Amino acid sequence: GLMGDNVWQLIELLLQLFLYLGIGFVIAKIKAVGESGVNTVLSDLVINILLPCSILVSFRLDPTSDLINMILLVIAASVFNQALCVVINLFAFKWFTKEQQPSAKYAIVCPNAGFMGLPICEGIYGLMGLMLGAVHQIPQRIVMWTVGIGYYSKPDKSIKGMLKAFAHPCIVAVIIGFLMMVFGITLPAPINTVITKIGACCTPLSMMLIGMILSDGSIANMITNKTLYFTLLRLVVMPLIMYTATLPIHMDATARGVIVLMTALPAGAVSAILSVKYKMDAEFASNCLVVSTLFSCITLPLWVFVLGL
């Protein structure tokens with residue numbers, strides 16, 4: 001049946017993702033790629049170039065009224081989810097140290113949506129999933145560059161600060177893609193092909209990058225009551241709330257799937273990067289990243305199974 005196929009598809013997809021991850025892990029371990037700064041260069045490449053290209057490609061759909069309704073629904077769910085994150089952060093991490101709190105809060109607001117969420121949504125739901133996933137990221141990106149940064153330092157409340165959130169390459173790609181879809185604009189074939197192929201590099205590179213980040217440190221020391229507590233919140237509690245909230249609402253399976261899966265993701269690498277930048281507990285941040293990413297290998301297939309029931 002459809003469900004069985006879907007579960008196998010997901011297992012195959014996750015196996016591919018973890019193979020990429022393993023390759024990245026090995027690359028870092030055998031030091032096949034230059035020592036210093038390669039992670040930052042690669043993550044900039046993925047976030048600023050590859051992801052926007054794959055997002056642009058995903059908007060090549062006919063703008064039916066159903067599709068526009070789904071987009072609005074996903075945006076509304078994402079706004080609700082962000083509000084929920086901010087509320088949970090008010091009390092959930094009181095027992096963490098002052099240096100640990102920012103990264104835990106930030107990773108609740110901002111899971112690994114770009115590197116992991118979008119490839120998974122595309123893998124399961126095709127271009128439609130990728131497009132809805134990209135749309136789901138808009139409220140998240142805005143919160144992430146405003147409230148999110150505020151967890152580390154005084155937030156930039158200026159107009160310039162707000163514009164920075166919107167000037168993010170991924171948001172720009174969503175806006176351009178949406179306008180192209182609505183007005184039926186197509187790019188010349190060679191440009192189209194190049195954007196598609198650049199976008200296709202996104203998944204392998206981002207997963208390899210996560211593997212490279214995971215290669216530092218031993219897993220056993222990372223599993224503590226704090227990292228497990230964070231992981232439970234991130235991978236089980238948050239998506240469970242969203243799943244329950246969407247149950248009474250009649251919506252397309254793809255929309256619900258994207259809403260739940262985009263919430264069921266592990267901590268994002270940005271939390272670790274910001275912890276270094278703002279001199280917080282960077283080791284703890286990367287431990288949360290590693291532990292939640294490892295456990296997501298179990299919880300994500302389970303969520304797909306639940307969604308398909």
# chains A, B, ... in the order shown; residues from 1 in each chain; ligands from 1
>>> select_by_dssp(residues="stretch 57-284 of chain A", states="helix (DSSP H, G or I)", output="NGL selection string")
:A and (57-58 or 65-91 or 101-109 or 113-150 or 159-166 or 169-183 or 189-200 or 202-214 or 219-222 or 225-246 or 253-261 or 269-277 or 282-284)
>>> residues_around(residues="stretch 124-141 of chain A", least_positions_apart="5", cutoff="7 Å", atoms="only C-alpha atoms", output="PyMOL selection string")
chain A and resi 10+55+58-59+71+74-75+78-79+82+110+118+165+171+174+254+258+262
>>> atom_distance(atom1="atom CA of A:Leu15", atom2="atom CA of A:Asp252")
26.9 Å
>>> residues_around(residues="A:Leu307", least_positions_apart="6", cutoff="12 Å", atoms="only C-alpha atoms", output="mmCIF file with C-alpha atoms, in the first residue's frame")
data_model
loop_
_atom_site.group_PDB
_atom_site.id
_atom_site.type_symbol
_atom_site.label_atom_id
_atom_site.label_comp_id
_atom_site.auth_asym_id
_atom_site.auth_seq_id
_atom_site.Cartn_x
_atom_site.Cartn_y
_atom_site.Cartn_z
ATOM 1 C CA MET A 3 1.935 3.803 3.455
ATOM 2 C CA ASN A 6 6.222 5.799 1.860
ATOM 3 C CA VAL A 7 7.972 4.276 4.837
ATOM 4 C CA ILE A 124 8.980 12.609 0.858
ATOM 5 C CA PRO A 239 6.077 18.090 16.732
ATOM 6 C CA LEU A 240 3.496 16.363 18.969
ATOM 7 C CA MET A 242 1.859 20.720 16.132
ATOM 8 C CA TYR A 243 0.460 17.339 15.086
ATOM 9 C CA THR A 244 -2.292 17.536 17.701
ATOM 10 C CA THR A 246 -3.498 20.322 13.102
ATOM 11 C CA LEU A 247 -5.624 17.181 13.637
ATOM 12 C CA ASP A 252 -3.919 18.280 2.652
ATOM 13 C CA ALA A 253 -1.650 15.445 3.843
ATOM 14 C CA THR A 254 1.366 17.198 2.296
ATOM 15 C CA ALA A 255 0.692 20.415 4.216
ATOM 16 C CA ARG A 256 0.275 18.566 7.520
ATOM 17 C CA GLY A 257 3.361 16.474 6.802
ATOM 18 C CA VAL A 258 5.497 19.535 6.144
ATOM 19 C CA ILE A 259 4.170 21.339 9.234
ATOM 20 C CA VAL A 260 4.976 18.393 11.519
ATOM 21 C CA LEU A 261 8.292 17.348 9.930
ATOM 22 C CA ALA A 264 10.443 17.481 14.281
ATOM 23 C CA LEU A 300 11.853 11.196 11.959
ATOM 24 C CA PRO A 301 10.908 7.818 10.419
#
>>> residues_around(residues="A:Asp216", least_positions_apart="4", cutoff="9 Å", atoms="only C-alpha atoms", output="JSON list (two decimals) with N, CA and C atoms, in the first residue's frame")
[["chain", "number", "residue", "atom", "x", "y", "z"],
["A", 25, "PHE", "N", 31.69, 12.79, 7.96],
["A", 25, "PHE", "CA", 32.35, 12.38, 9.20],
["A", 25, "PHE", "C", 33.76, 11.84, 8.90],
["A", 28, "ALA", "N", 36.26, 14.48, 7.64],
["A", 28, "ALA", "CA", 36.82, 15.27, 8.73],
["A", 28, "ALA", "C", 37.83, 14.46, 9.53],
["A", 29, "LYS", "N", 37.51, 13.18, 9.76],
["A", 29, "LYS", "CA", 38.39, 12.33, 10.57],
["A", 29, "LYS", "C", 39.75, 12.11, 9.89],
["A", 212, "MET", "N", 30.70, 16.40, 9.21],
["A", 212, "MET", "CA", 31.99, 16.99, 9.59],
["A", 212, "MET", "C", 31.91, 17.62, 10.98]]
>>> closest_residue(among="A:Asn81, A:Thr196, A:Thr231, A:Asn89", to="A:Phe295", atoms="only C-alpha atoms")
A:Thr231
>>> closest_atom_pairs(of="stretch 85-121 of chain A", to="stretch 272-288 of chain A", cutoff="9 Å", atoms="only C-alpha atoms", output="tab-separated table")
residue	atom	partner	partner_atom	distance
A:Thr97	CA	A:Asp281	CA	8.9
A:Lys98	CA	A:Met280	CA	8.3
A:Glu99	CA	A:Met280	CA	4.8
A:Gln100	CA	A:Asp281	CA	5.5
A:Gln101	CA	A:Asp281	CA	8.8
A:Pro102	CA	A:Met280	CA	7.8
A:Ser103	CA	A:Ala285	CA	5.6
A:Ala104	CA	A:Ala285	CA	7.1
A:Ala107	CA	A:Cys288	CA	8.7
>>> closest_residue(among="A:Val172, A:Leu228, A:Ile23, A:Ile149", to="A:Ser296", atoms="only C-alpha atoms")
A:Leu228
>>> closest_residue(among="A:Arg234, A:Arg60, A:Lys226, A:His168", to="A:Lys94", atoms="only C-alpha atoms")
A:Lys226
>>> closest_residue(among="A:Asn69, A:Asn221, A:Asn48, A:Ser153", to="A:Tyr106", atoms="only C-alpha atoms")
A:Ser153
>>> residues_around(residues="stretch 187-195 of chain A", least_positions_apart="3", cutoff="7 Å", atoms="only C-alpha atoms", output="list in words")
Cys53, Ile198 and Gly199 of chain A
>>> atom_distance(atom1="atom CA of A:Cys202", atom2="atom CA of A:Ser43")
10.3 Å
>>> closest_residue(among="A:Cys121, A:Met181, A:Ile175, A:Val87", to="A:Thr64", atoms="only C-alpha atoms")
A:Met181
>>> residues_around(residues="A:Thr203", least_positions_apart="2", cutoff="9 Å", atoms="only C-alpha atoms", output="ChimeraX atom specification")
/A:17,20,46,50-51,115-116,118-119,199-201,205-208
